>>> print(open('work_25.cif').read())   # mmCIF, C-alpha atoms
data_my_file
#
loop_
_atom_site.label_atom_id
_atom_site.label_comp_id
_atom_site.auth_asym_id
_atom_site.auth_seq_id
_atom_site.Cartn_x
_atom_site.Cartn_y
_atom_site.Cartn_z
CA MET A 193 -59.29 59.86 19.27
CA LEU A 194 -56.36 59.22 21.63
CA GLY A 195 -53.14 57.87 20.22
CA PHE A 196 -49.79 58.58 18.75
CA LYS A 197 -49.63 60.77 15.71
CA SER A 198 -47.83 59.82 12.55
CA LYS A 199 -47.79 63.13 10.77
CA GLU A 200 -51.55 63.77 10.73
CA ILE A 201 -52.68 60.18 10.96
CA SER A 202 -53.01 58.37 14.27
CA LEU A 203 -51.96 54.79 14.77
CA GLU A 204 -55.62 53.92 15.28
CA ASP A 205 -56.44 55.25 11.82
CA LEU A 206 -53.41 53.57 10.29
CA MET A 207 -54.38 50.25 11.77
CA ALA A 208 -57.97 50.69 10.66
CA ALA A 209 -56.71 51.37 7.13
CA ALA A 210 -54.44 48.32 7.36
CA GLN A 211 -57.39 46.17 8.42
CA SER A 212 -59.20 47.41 5.32
CA GLY A 213 -56.34 46.06 3.18
CA ASP A 214 -53.98 49.08 2.95
CA LYS A 215 -50.53 47.46 3.12
CA LYS A 216 -48.73 50.81 3.09
CA ALA A 217 -50.62 51.81 6.21
CA TYR A 218 -49.68 48.46 7.77
CA ARG A 219 -46.00 49.06 7.03
CA GLN A 220 -46.28 52.52 8.56
CA VAL A 221 -47.75 50.99 11.72
CA PHE A 222 -44.73 48.71 12.08
CA GLU A 223 -42.31 51.56 11.37
CA GLU A 224 -44.00 53.72 14.01
CA VAL A 225 -44.20 51.06 16.72
CA THR A 226 -40.71 49.54 16.31
CA PRO A 227 -38.86 52.40 18.10
CA MET A 228 -41.56 52.41 20.80
CA ILE A 229 -41.07 48.70 21.38
CA LYS A 230 -37.29 48.97 21.45
CA SER A 231 -37.26 51.82 23.96
CA PHE A 232 -39.78 50.02 26.19
CA ILE A 233 -37.76 46.81 26.18
CA ALA A 234 -34.37 48.50 26.56
CA LYS A 235 -35.42 49.84 29.96
CA ARG A 236 -36.46 46.42 31.17
CA ILE A 237 -33.79 43.91 30.14
CA ASN A 238 -30.11 43.55 30.95
CA LYS A 239 -28.94 42.17 27.61
CA PRO A 240 -28.91 44.86 24.92
CA GLU A 241 -27.99 42.18 22.38
CA ASP A 242 -31.44 40.61 22.85
CA ILE A 243 -33.41 43.78 22.07
CA ASP A 244 -33.62 43.12 18.34
CA GLU A 245 -34.67 39.53 18.81
CA ILE A 246 -37.43 40.40 21.29
CA THR A 247 -38.56 43.27 19.06
CA GLN A 248 -38.92 40.85 16.17
CA GLU A 249 -40.93 38.43 18.30
CA ILE A 250 -43.22 41.25 19.37
CA LEU A 251 -43.71 42.42 15.79
CA ILE A 252 -44.63 38.88 14.80
CA SER A 253 -47.06 38.72 17.74
CA VAL A 254 -48.59 42.06 16.69
CA HIS A 255 -49.07 40.59 13.22
CA LYS A 256 -50.56 37.33 14.54
CA ALA A 257 -52.91 39.23 16.87
CA SER A 258 -53.83 41.89 14.30
CA GLN A 259 -57.33 40.49 13.91
CA THR A 260 -58.06 41.19 17.60
CA TYR A 261 -57.50 44.95 17.41
CA ASP A 262 -60.67 47.05 17.46
CA SER A 263 -59.99 50.41 15.79
CA SER A 264 -62.53 52.14 18.04
CA ARG A 265 -60.21 51.42 21.01
CA PRO A 266 -56.83 53.03 21.82
CA PHE A 267 -54.05 51.33 19.88
CA LYS A 268 -51.39 51.95 22.50
CA THR A 269 -53.18 49.89 25.16
CA TRP A 270 -53.53 46.95 22.77
CA LEU A 271 -49.90 47.19 21.69
CA TYR A 272 -48.49 47.40 25.21
CA ALA A 273 -50.55 44.39 26.26
CA ILE A 274 -48.75 42.40 23.55
CA ILE A 275 -45.35 43.84 24.47
CA LYS A 276 -45.78 42.97 28.15
CA PHE A 277 -46.98 39.46 27.32
CA ARG A 278 -43.97 38.70 25.13
CA LEU A 279 -41.57 40.38 27.51
CA SER A 280 -42.80 38.18 30.34
CA ASP A 281 -42.23 35.15 28.06
CA TYR A 282 -38.65 36.28 27.49
CA LEU A 283 -37.99 36.94 31.18
CA ARG A 284 -39.40 33.53 32.09
CA THR A 285 -36.89 31.95 29.69
CA VAL A 286 -34.04 34.02 31.15
CA TYR A 287 -34.90 32.98 34.70
CA ARG A 288 -35.26 29.35 33.67
CA ASN A 289 -31.83 29.41 32.01
CA ALA A 290 -30.35 31.16 35.04
CA GLU A 291 -31.67 28.37 37.26
CA ARG A 292 -30.12 25.74 35.00
CA GLY A 293 -26.84 27.61 35.16
CA LEU A 294 -26.01 27.34 31.49
CA ASP A 295 -27.89 27.53 28.27
CA SER A 296 -27.80 24.06 26.69
CA PHE A 297 -26.46 25.48 23.47
CA ASP A 298 -23.69 27.33 25.38
CA GLU A 299 -22.63 23.97 26.81
CA LYS A 300 -22.10 22.69 23.31
CA GLU A 301 -20.22 25.85 22.35
CA PHE A 302 -17.97 25.27 25.35
CA GLU A 303 -17.28 21.70 24.21
CA LEU A 304 -16.53 22.79 20.66
CA SER A 305 -14.20 25.63 21.55
CA ASN A 306 -12.28 23.53 24.06
CA ASP A 307 -11.91 20.53 21.85
CA ASP A 308 -8.12 20.09 21.51
CA ASN A 309 -8.50 18.24 18.26
CA ASN A 310 -10.69 20.94 16.72
CA GLU A 311 -8.09 22.82 14.68
CA ASP A 312 -6.05 19.77 13.73
CA ALA A 313 -8.82 17.37 12.91
CA PHE A 314 -11.38 19.50 11.03
CA ASP A 315 -11.42 21.88 8.14
CA ASP A 316 -13.97 24.72 7.85
CA GLY A 317 -16.64 22.64 6.14
CA GLU A 318 -16.57 19.94 8.78
CA MET A 319 -16.51 22.60 11.51
CA ILE A 320 -19.64 24.17 10.07
CA ALA A 321 -21.30 20.75 9.86
CA LYS A 322 -20.44 20.15 13.50
CA MET A 323 -21.83 23.55 14.47
CA LEU A 324 -24.98 22.76 12.52
CA ASP A 325 -25.39 19.56 14.51
CA ALA A 326 -25.04 21.59 17.71
CA LEU A 327 -28.13 23.62 16.88
CA PRO A 328 -31.45 22.66 18.49
CA GLU A 329 -33.23 20.01 16.43
CA LYS A 330 -35.90 22.33 15.03
CA GLN A 331 -33.38 24.92 13.88
CA GLN A 332 -31.24 22.16 12.34
CA LYS A 333 -34.16 20.80 10.34
CA ILE A 334 -35.21 24.22 9.09
CA ILE A 335 -31.68 25.25 8.08
CA LYS A 336 -31.22 21.96 6.25
CA LEU A 337 -34.52 22.34 4.44
CA THR A 338 -34.08 25.99 3.46
CA LYS A 339 -30.32 26.33 2.94
CA ILE A 340 -29.16 22.85 1.95
CA ASP A 341 -32.14 21.11 0.36
CA GLY A 342 -33.34 24.34 -1.29
CA PHE A 343 -36.97 24.38 -0.15
CA SER A 344 -38.71 27.76 -0.09
CA ILE A 345 -39.94 29.32 3.15
CA LYS A 346 -43.51 28.39 2.19
CA GLU A 347 -42.61 24.75 1.49
CA THR A 348 -40.58 24.52 4.69
CA ALA A 349 -43.47 26.00 6.68
CA GLN A 350 -45.79 23.33 5.25
CA LYS A 351 -43.36 20.52 6.03
CA MET A 352 -42.71 21.73 9.56
CA ASP A 353 -46.37 22.65 10.20
CA MET A 354 -45.39 26.17 11.16
CA SER A 355 -46.28 29.62 9.93
CA GLU A 356 -44.01 31.27 7.37
CA SER A 357 -43.20 34.04 9.84
CA ALA A 358 -42.09 31.51 12.45
CA VAL A 359 -39.86 29.76 9.89
CA LYS A 360 -38.24 33.06 8.92
CA VAL A 361 -37.51 33.98 12.53
CA THR A 362 -36.09 30.50 13.20
CA VAL A 363 -33.80 30.76 10.15
CA HIS A 364 -32.64 34.16 11.32
CA ARG A 365 -31.84 32.92 14.82
CA ALA A 366 -30.08 29.80 13.59
CA LEU A 367 -27.92 31.76 11.15
CA ASP A 368 -27.04 34.27 13.88
CA LYS A 369 -25.94 31.42 16.15
CA LEU A 370 -23.92 29.73 13.43
CA LYS A 371 -22.24 32.99 12.50
CA ALA A 372 -21.39 33.78 16.12
CA ASN A 373 -20.02 30.27 16.71
CA TYR A 374 -18.02 30.30 13.50
CA GLU A 375 -16.39 33.62 14.38
CA ARG A 376 -15.71 32.43 17.90
CA SER A 377 -14.10 29.21 16.74
CA LYS A 378 -11.99 31.04 14.16
CA SER A 379 -10.66 33.42 16.79
CA VAL A 380 -9.58 30.55 19.09
CA MET B 47 -32.97 38.65 9.16
CA SER B 48 -33.12 42.33 10.01
CA ILE B 49 -36.18 44.03 11.44
CA ASP B 50 -36.68 45.79 8.09
CA ASN B 51 -36.80 42.46 6.26
CA LEU B 52 -39.23 41.11 8.83
CA ILE B 53 -41.46 44.17 8.39
CA ASP B 54 -41.34 43.59 4.61
CA ASP B 55 -42.48 40.00 5.09
CA LEU B 56 -45.22 40.81 7.59
CA THR B 57 -46.50 43.68 5.46
CA SER B 58 -46.66 41.46 2.39
CA GLU B 59 -48.82 39.00 4.34
CA GLY B 60 -51.16 41.82 5.32
CA VAL B 61 -53.51 42.18 8.28
CA LYS B 62 -55.92 39.38 9.02
CA LYS B 63 -59.59 40.18 8.78
CA PRO B 64 -60.66 41.77 12.10
CA LEU B 65 -62.80 39.70 14.43
CA PRO B 66 -66.36 40.85 15.17
CA LYS B 67 -66.84 42.64 18.48
CA PRO B 68 -67.23 40.34 21.52
CA PHE B 69 -70.96 40.96 21.80
CA THR B 70 -71.46 40.12 18.12
CA GLN B 71 -69.40 36.95 18.53
CA THR B 72 -71.59 36.08 21.52
CA LEU B 73 -74.71 36.34 19.37
CA TYR B 74 -73.09 34.17 16.67
CA TRP B 75 -72.56 31.51 19.33
CA PHE B 76 -75.70 32.00 21.38
CA VAL B 77 -78.40 32.04 18.69
CA PRO B 78 -77.69 28.62 17.12
CA THR B 79 -76.88 27.17 20.53
CA PHE B 80 -80.14 28.46 21.95
CA ILE B 81 -82.06 26.93 19.04
CA LEU B 82 -80.31 23.61 19.69
CA ILE B 83 -81.08 23.82 23.38
CA ALA B 84 -84.71 24.74 22.74
CA MET B 85 -85.06 21.70 20.47
CA ALA B 86 -83.45 19.49 23.10
CA THR B 87 -85.80 20.85 25.75
CA TYR B 88 -88.79 20.22 23.48
CA PHE B 89 -87.80 16.61 22.88
CA MET B 90 -86.89 15.96 26.51
CA GLY B 91 -90.13 17.49 27.61
CA ILE B 92 -90.97 20.42 29.83
CA ARG B 93 -91.72 19.96 33.54
CA PRO B 94 -95.41 19.18 34.13
CA ASP B 95 -95.77 22.01 36.68
CA ILE B 96 -94.44 24.68 34.28
CA HIS B 97 -97.75 26.55 34.19
CA ASP B 98 -97.56 27.02 37.95
CA LYS B 99 -93.86 27.77 37.95
CA ILE B 100 -94.02 30.59 35.40
CA HIS B 101 -96.35 32.40 37.75
CA GLN B 102 -93.71 32.23 40.45
CA GLY B 103 -91.68 35.38 40.20
CA LEU B 104 -88.55 33.84 41.69
CA TYR B 105 -88.52 31.00 39.14
CA VAL B 106 -88.85 33.42 36.24
CA LEU B 107 -86.18 35.66 37.77
CA GLU B 108 -83.93 32.63 38.16
CA LEU B 109 -84.27 31.76 34.46
CA LEU B 110 -83.69 35.37 33.43
CA SER B 111 -80.63 35.62 35.68
CA LEU B 112 -79.29 32.42 34.12
CA LEU B 113 -79.71 33.95 30.69
CA VAL B 114 -77.93 37.14 31.80
CA ALA B 115 -75.14 35.08 33.38
CA ILE B 116 -74.65 32.98 30.22
CA LEU B 117 -74.46 36.06 28.02
CA THR B 118 -72.16 37.89 30.45
CA PHE B 119 -69.76 34.97 30.73
CA THR B 120 -69.67 34.53 26.98
CA VAL B 121 -69.03 38.21 26.25
CA THR B 122 -66.32 38.19 28.92
CA ALA B 123 -64.73 35.08 27.41
CA PHE B 124 -64.61 36.72 23.99
CA SER B 125 -63.19 39.89 25.56
CA CYS B 126 -60.53 37.80 27.28
CA SER B 127 -59.54 36.36 23.89
CA ARG B 128 -58.02 39.75 23.05
CA PRO B 129 -54.50 40.61 24.30
CA ASP B 130 -55.83 43.72 26.05
CA LEU B 131 -58.99 41.96 27.34
CA TYR B 132 -60.88 44.30 24.98
CA GLN B 133 -59.81 46.96 27.51
CA LYS B 134 -62.58 45.83 29.85
CA PRO B 135 -60.84 43.78 32.56
CA TRP B 136 -63.63 44.65 35.01
CA MET B 137 -65.93 42.25 33.09
CA ILE B 138 -64.24 39.30 34.79
CA TRP B 139 -65.21 40.67 38.22
CA LEU B 140 -68.73 41.48 37.01
CA SER B 141 -69.13 37.88 35.84
CA LEU B 142 -68.02 36.53 39.21
CA LEU B 143 -70.50 38.85 40.96
CA ILE B 144 -73.37 37.64 38.74
CA LEU B 145 -72.50 33.95 39.13
CA PRO B 146 -74.14 33.23 42.52
CA VAL B 147 -77.37 35.12 41.68
CA PRO B 148 -79.23 32.31 39.83
CA PHE B 149 -78.35 29.81 42.56
CA ILE B 150 -79.50 32.17 45.31
CA LEU B 151 -82.78 32.70 43.44
CA MET B 152 -83.11 28.91 43.00
CA TYR B 153 -82.76 28.42 46.74
CA LEU B 154 -85.14 31.25 47.59
CA GLY B 155 -87.71 29.81 45.18
CA SER B 156 -87.46 26.36 46.70
CA THR B 157 -89.98 25.22 49.28
CA GLU B 158 -87.41 23.01 51.00
CA PHE B 159 -84.49 23.88 53.24
CA LEU B 160 -80.94 22.79 52.71
CA THR B 161 -80.04 20.14 55.29
CA MET B 162 -77.33 17.54 55.75
CA VAL B 163 -80.02 14.86 55.60
CA GLY B 164 -81.15 16.26 52.28
CA PHE B 165 -77.56 16.16 50.97
CA HIS B 166 -77.14 12.61 52.19
CA GLU B 167 -80.35 11.50 50.49
CA SER B 168 -79.42 13.25 47.27
CA LEU B 169 -76.01 11.60 47.16
CA HIS B 170 -77.64 8.20 47.43
CA ASN B 171 -80.33 8.99 44.88
CA HIS B 172 -78.86 7.35 41.81
CA MET B 173 -81.51 8.90 39.57
CA GLY B 174 -79.47 12.07 40.03
CA GLN B 175 -76.74 10.55 37.88
CA LYS B 176 -79.03 11.00 34.90
CA CYS B 177 -79.20 14.73 35.69
CA ALA B 178 -75.43 15.02 35.93
CA THR B 179 -75.06 13.12 32.65
CA CYS B 180 -77.52 15.45 30.93
CA VAL B 181 -75.75 18.57 32.25
CA THR B 182 -72.45 17.19 30.97
CA LEU B 183 -73.65 15.95 27.58
CA PHE B 184 -75.67 19.04 26.70
CA SER B 185 -72.74 21.29 27.53
CA ILE B 186 -70.31 19.55 25.15
CA PRO B 187 -71.46 20.98 21.77
CA PRO B 188 -71.61 24.59 23.06
CA ILE B 189 -68.19 24.22 24.72
CA ILE B 190 -66.64 22.88 21.51
CA ALA B 191 -68.22 25.69 19.47
CA LEU B 192 -67.09 28.32 21.96
CA PHE B 193 -63.53 27.03 22.19
CA THR B 194 -63.33 26.95 18.39
CA MET B 195 -64.41 30.59 18.18
CA LEU B 196 -62.13 31.65 21.05
CA LYS B 197 -59.14 30.00 19.36
CA LEU B 198 -59.37 32.72 16.69
CA GLY B 199 -58.26 35.24 19.31
CA THR B 200 -55.01 35.57 21.24
CA SER B 201 -55.74 35.27 24.92
CA PRO B 202 -53.17 36.32 27.51
CA HIS B 203 -55.22 34.46 30.16
CA PRO B 204 -56.16 31.16 28.49
CA GLY B 205 -57.15 29.40 31.71
CA VAL B 206 -59.61 32.12 32.70
CA THR B 207 -60.98 32.25 29.15
CA GLY B 208 -61.50 28.48 29.13
CA PHE B 209 -63.18 28.64 32.53
CA LEU B 210 -65.60 31.35 31.36
CA ALA B 211 -66.41 29.41 28.19
CA ALA B 212 -67.04 26.19 30.11
CA ILE B 213 -69.22 27.81 32.73
CA ALA B 214 -71.31 29.64 30.09
CA SER B 215 -71.89 26.35 28.27
CA THR B 216 -72.70 24.31 31.35
CA LEU B 217 -75.09 26.98 32.62
CA LEU B 218 -76.99 26.49 29.36
CA SER B 219 -77.41 22.79 30.06
CA TYR B 220 -78.20 23.60 33.70
CA THR B 221 -81.00 25.85 32.42
CA ILE B 222 -82.42 23.03 30.27
CA LEU B 223 -82.72 20.84 33.30
CA ARG B 224 -84.35 23.59 35.35
CA VAL B 225 -87.02 23.76 32.64
CA ASN B 226 -87.24 19.98 32.21
CA GLU B 227 -87.02 18.54 35.70
CA ALA B 228 -89.74 19.16 38.29
CA ASN B 229 -87.41 18.81 41.24
CA ASP B 230 -86.66 21.94 43.19
CA ASN B 231 -84.93 20.24 46.10
CA PRO B 232 -81.86 22.45 46.62
CA ALA B 233 -79.75 19.53 47.87
CA HIS B 234 -80.51 17.54 44.71
CA ILE B 235 -79.82 20.54 42.48
CA ILE B 236 -76.54 21.35 44.20
CA VAL B 237 -75.26 17.77 44.13
CA TRP B 238 -76.42 16.69 40.65
CA HIS B 239 -76.71 19.96 38.74
CA VAL B 240 -74.41 22.55 40.26
CA LEU B 241 -71.53 20.21 41.07
CA PRO B 242 -71.18 19.10 37.41
CA VAL B 243 -71.10 22.81 36.47
CA VAL B 244 -68.24 23.33 38.92
CA ILE B 245 -66.33 20.26 37.73
CA ILE B 246 -66.73 21.03 34.04
CA SER B 247 -65.74 24.67 34.59
CA THR B 248 -62.57 23.51 36.35
CA ILE B 249 -61.81 21.19 33.44
CA GLY B 250 -62.48 24.15 31.14
CA PHE B 251 -59.85 26.17 33.00
CA VAL B 252 -57.24 23.45 32.46
CA ALA B 253 -58.31 22.79 28.86
CA GLY B 254 -58.25 26.53 28.15
CA TYR B 255 -54.65 26.73 29.37
CA PHE B 256 -53.54 24.16 26.80
CA ILE B 257 -55.93 24.83 23.91
CA LEU B 258 -56.32 28.60 24.01
CA ARG B 259 -52.84 29.68 24.98
CA TRP B 260 -51.17 32.18 22.73
CA LYS B 261 -48.33 30.45 20.98
CA LYS B 262 -45.49 32.27 19.27
#
>>> encode(input="work_25.cif", output="structure tokens")
Amino acid sequence: MLGFKSKEISLEDLMAAAQSGDKKAYRQVFEEVTPMIKSFIAKRINKPEDIDEITQEILISVHKASQTYDSSRPFKTWLYAIIKFRLSDYLRTVYRNAERGLDSFDEKEFELSNDDNNEDAFDDGEMIAKMLDALPEKQQKIIKLTKIDGFSIKETAQKMDMSESAVKVTVHRALDKLKANYERSKSV
Amino acid sequence: MSIDNLIDDLTSEGVKKPLPKPFTQTLYWFVPTFILIAMATYFMGIRPDIHDKIHQGLYVLELLSLLVAILTFTVTAFSCSRPDLYQKPWMIWLSLLILPVPFILMYLGSTEFLTMVGFHESLHNHMGQKCATCVTLFSIPPIIALFTMLKLGTSPHPGVTGFLAAIASTLLSYTILRVNEANDNPAHIIVWHVLPVVIISTIGFVAGYFILRWKK
């Protein structure tokens, strides 16, 4: 059977084992495909800092589409179909933002970092609260539920009518943004 | 969250149960739908000239080609619900090639020619509205069932998938009327049977884009 080899086991066989309930095989699939995804994406985007984020989205998509893989078919073709689909999503967002001129969140960052009263008027806690308010509404809600109100990922997913994976990715992105903004505002 | 943490989380959730192959899914949809359609045909009644019609080769070929078209469109729709189109993208072109065959056979089997007068008369024949209503109403349960099954997949071409699902379902109801109604006037069939198929398939394309699209 065609495919990449992981030691003596092909990705097709690993995925077939995963579909039979073997979680170790499933983990091995992800570990094998992650470098493939990263190298594919790295050749096609200009922002190296986005590679990890896109890779995570693709891994989530692979997981969500896992029921559609037929182990009698080449795994690589199925995987690259998912990668190309998600990559085109990402590029569409990039072009849309380029047309607008500025990312809406960047506009808020610009306002925050150029606020003359920022250092005098606010201490760290209030600065963080302000940065939290600058997040998109969905990210705000999820951060408040998970990090402030103490709800678990599962409970938050139920409240927000999202999957647990989507909640986790949203938390990750929001925390990354908050961290980047906090460091930027501290260095001003 | 790092990629390693994400892999931990995804692995702990495990793989979802694999979907049946597209042809198997087609049978899961087609068999109960066919039974429903057969019951509907029985209650609506079969055309009084059926004994003569089944001896006409073109009529039988038309019905068989409709059956082949319905199955082909459905298998293609299920294939399109996979990210890689089940690695059979040529099925979409095959479906489009098969599509005109039943209508060509219908016209060849008709004893009347297609004329502008015929079209004009058909448009003003309000009894035809009943045919269009039947084509529409009978296609709704199969479309709903098909969309529900297709939603389990992850289609990179949701509009095309929706179109294929809608046309397969409306061809089923079109077939009922070909068995029920003893009217082989091609103008009448095109205006009141085929046109609803076209309209519903177009709506299926738009509905597919919104309902079947692969969200993050």
>>> residues_around(input="work_25.cif", residues="Ser127 of chain B", least_positions_apart="2", cutoff="8 Å", atoms="only C-alpha atoms", output="PyMOL selection string")
chain B and resi 123-125+129+131+196-197+199-204+207
>>> residues_around(input="work_25.cif", residues="Thr179 of chain B", least_positions_apart="2", cutoff="12 Å", atoms="only C-alpha atoms", output="PyMOL selection string")
chain B and resi 172-177+181-186+216+219-220+223+238-239+241-243+246
>>> resolve_selection(input="work_25.cif", expression="the PyMOL selection byres ((chain B and resi 235) around 12)", output="PyMOL selection string")
chain B and resi 149-150+152-153+156+158+160+164-165+168-169+171+174-175+177-178+181+220-221+223-224+227-234+236-243
>>> resolve_selection(input="work_25.cif", expression="the PyMOL selection byres ((chain A) within 9 of (chain B))", output="ChimeraX atom specification")
/A:207,210-216,218-219,222-223,226,244-245,247-249,251-253,255-262,265-266,269-274,277-278,357-358,360-361,363-365,367-368
>>> write_last_selection(input="work_25.cif", atoms="C-alpha atoms", output="mmCIF file, in the coordinates of the input")
data_model
loop_
_atom_site.group_PDB
_atom_site.id
_atom_site.type_symbol
_atom_site.label_atom_id
_atom_site.label_comp_id
_atom_site.auth_asym_id
_atom_site.auth_seq_id
_atom_site.Cartn_x
_atom_site.Cartn_y
_atom_site.Cartn_z
ATOM 1 C CA MET A 207 -54.380 50.250 11.770
ATOM 2 C CA ALA A 210 -54.440 48.320 7.360
ATOM 3 C CA GLN A 211 -57.390 46.170 8.420
ATOM 4 C CA SER A 212 -59.200 47.410 5.320
ATOM 5 C CA GLY A 213 -56.340 46.060 3.180
ATOM 6 C CA ASP A 214 -53.980 49.080 2.950
ATOM 7 C CA LYS A 215 -50.530 47.460 3.120
ATOM 8 C CA LYS A 216 -48.730 50.810 3.090
ATOM 9 C CA TYR A 218 -49.680 48.460 7.770
ATOM 10 C CA ARG A 219 -46.000 49.060 7.030
ATOM 11 C CA PHE A 222 -44.730 48.710 12.080
ATOM 12 C CA GLU A 223 -42.310 51.560 11.370
ATOM 13 C CA THR A 226 -40.710 49.540 16.310
ATOM 14 C CA ASP A 244 -33.620 43.120 18.340
ATOM 15 C CA GLU A 245 -34.670 39.530 18.810
ATOM 16 C CA THR A 247 -38.560 43.270 19.060
ATOM 17 C CA GLN A 248 -38.920 40.850 16.170
ATOM 18 C CA GLU A 249 -40.930 38.430 18.300
ATOM 19 C CA LEU A 251 -43.710 42.420 15.790
ATOM 20 C CA ILE A 252 -44.630 38.880 14.800
ATOM 21 C CA SER A 253 -47.060 38.720 17.740
ATOM 22 C CA HIS A 255 -49.070 40.590 13.220
ATOM 23 C CA LYS A 256 -50.560 37.330 14.540
ATOM 24 C CA ALA A 257 -52.910 39.230 16.870
ATOM 25 C CA SER A 258 -53.830 41.890 14.300
ATOM 26 C CA GLN A 259 -57.330 40.490 13.910
ATOM 27 C CA THR A 260 -58.060 41.190 17.600
ATOM 28 C CA TYR A 261 -57.500 44.950 17.410
ATOM 29 C CA ASP A 262 -60.670 47.050 17.460
ATOM 30 C CA ARG A 265 -60.210 51.420 21.010
ATOM 31 C CA PRO A 266 -56.830 53.030 21.820
ATOM 32 C CA THR A 269 -53.180 49.890 25.160
ATOM 33 C CA TRP A 270 -53.530 46.950 22.770
ATOM 34 C CA LEU A 271 -49.900 47.190 21.690
ATOM 35 C CA TYR A 272 -48.490 47.400 25.210
ATOM 36 C CA ALA A 273 -50.550 44.390 26.260
ATOM 37 C CA ILE A 274 -48.750 42.400 23.550
ATOM 38 C CA PHE A 277 -46.980 39.460 27.320
ATOM 39 C CA ARG A 278 -43.970 38.700 25.130
ATOM 40 C CA SER A 357 -43.200 34.040 9.840
ATOM 41 C CA ALA A 358 -42.090 31.510 12.450
ATOM 42 C CA LYS A 360 -38.240 33.060 8.920
ATOM 43 C CA VAL A 361 -37.510 33.980 12.530
ATOM 44 C CA VAL A 363 -33.800 30.760 10.150
ATOM 45 C CA HIS A 364 -32.640 34.160 11.320
ATOM 46 C CA ARG A 365 -31.840 32.920 14.820
ATOM 47 C CA LEU A 367 -27.920 31.760 11.150
ATOM 48 C CA ASP A 368 -27.040 34.270 13.880
#
>>> atom_distance(input="work_25.cif", atom1="atom CA of Ala214 of chain B", atom2="atom CA of Met90 of chain B")
21.0 Å
>>> atom_distance(input="work_25.cif", atom1="atom CA of Ile250 of chain A", atom2="atom CA of Lys346 of chain A")
21.5 Å
>>> atom_distance(input="work_25.cif", atom1="atom CA of Thr118 of chain B", atom2="atom CA of Pro146 of chain B")
13.1 Å
>>> axis_aligned_box(input="work_25.cif", around="segment 198-215 of chain A", padding_each_side="5 Å", output="AutoDock Vina command-line options")
--center_x -53.5 --center_y 54.9 --center_z 9.1 --size_x 21.4 --size_y 27.7 --size_z 22.3
>>> resolve_selection(input="work_25.cif", expression="the PyMOL selection byres ((chain B and resi 92) around 9)", output="CSV table (one decimal) with C-alpha atoms, in the frame of the given file")
chain,number,residue,atom,x,y,z
B,87,THR,CA,-85.8,20.8,25.8
B,88,TYR,CA,-88.8,20.2,23.5
B,89,PHE,CA,-87.8,16.6,22.9
B,90,MET,CA,-86.9,16.0,26.5
B,91,GLY,CA,-90.1,17.5,27.6
B,93,ARG,CA,-91.7,20.0,33.5
B,94,PRO,CA,-95.4,19.2,34.1
B,95,ASP,CA,-95.8,22.0,36.7
B,96,ILE,CA,-94.4,24.7,34.3
B,222,ILE,CA,-82.4,23.0,30.3
B,223,LEU,CA,-82.7,20.8,33.3
B,225,VAL,CA,-87.0,23.8,32.6
B,226,ASN,CA,-87.2,20.0,32.2
B,227,GLU,CA,-87.0,18.5,35.7
B,228,ALA,CA,-89.7,19.2,38.3
>>> closest_residue(input="work_25.cif", among="B:Trp136, B:Phe119, B:Tyr105, B:Val244", to="Leu210 of chain B", atoms="all atoms listed in the file")
B:Phe119
>>> closest_residue(input="work_25.cif", among="A:Ala217, A:Leu206, A:Val286, A:Leu279", to="Ile246 of chain A", atoms="only C-alpha atoms")
A:Leu279
>>> closest_residue(input="work_25.cif", among="B:Trp75, B:Leu82, B:Gln102, B:Thr122", to="Trp139 of chain B", atoms="all atoms listed in the file")
B:Thr122
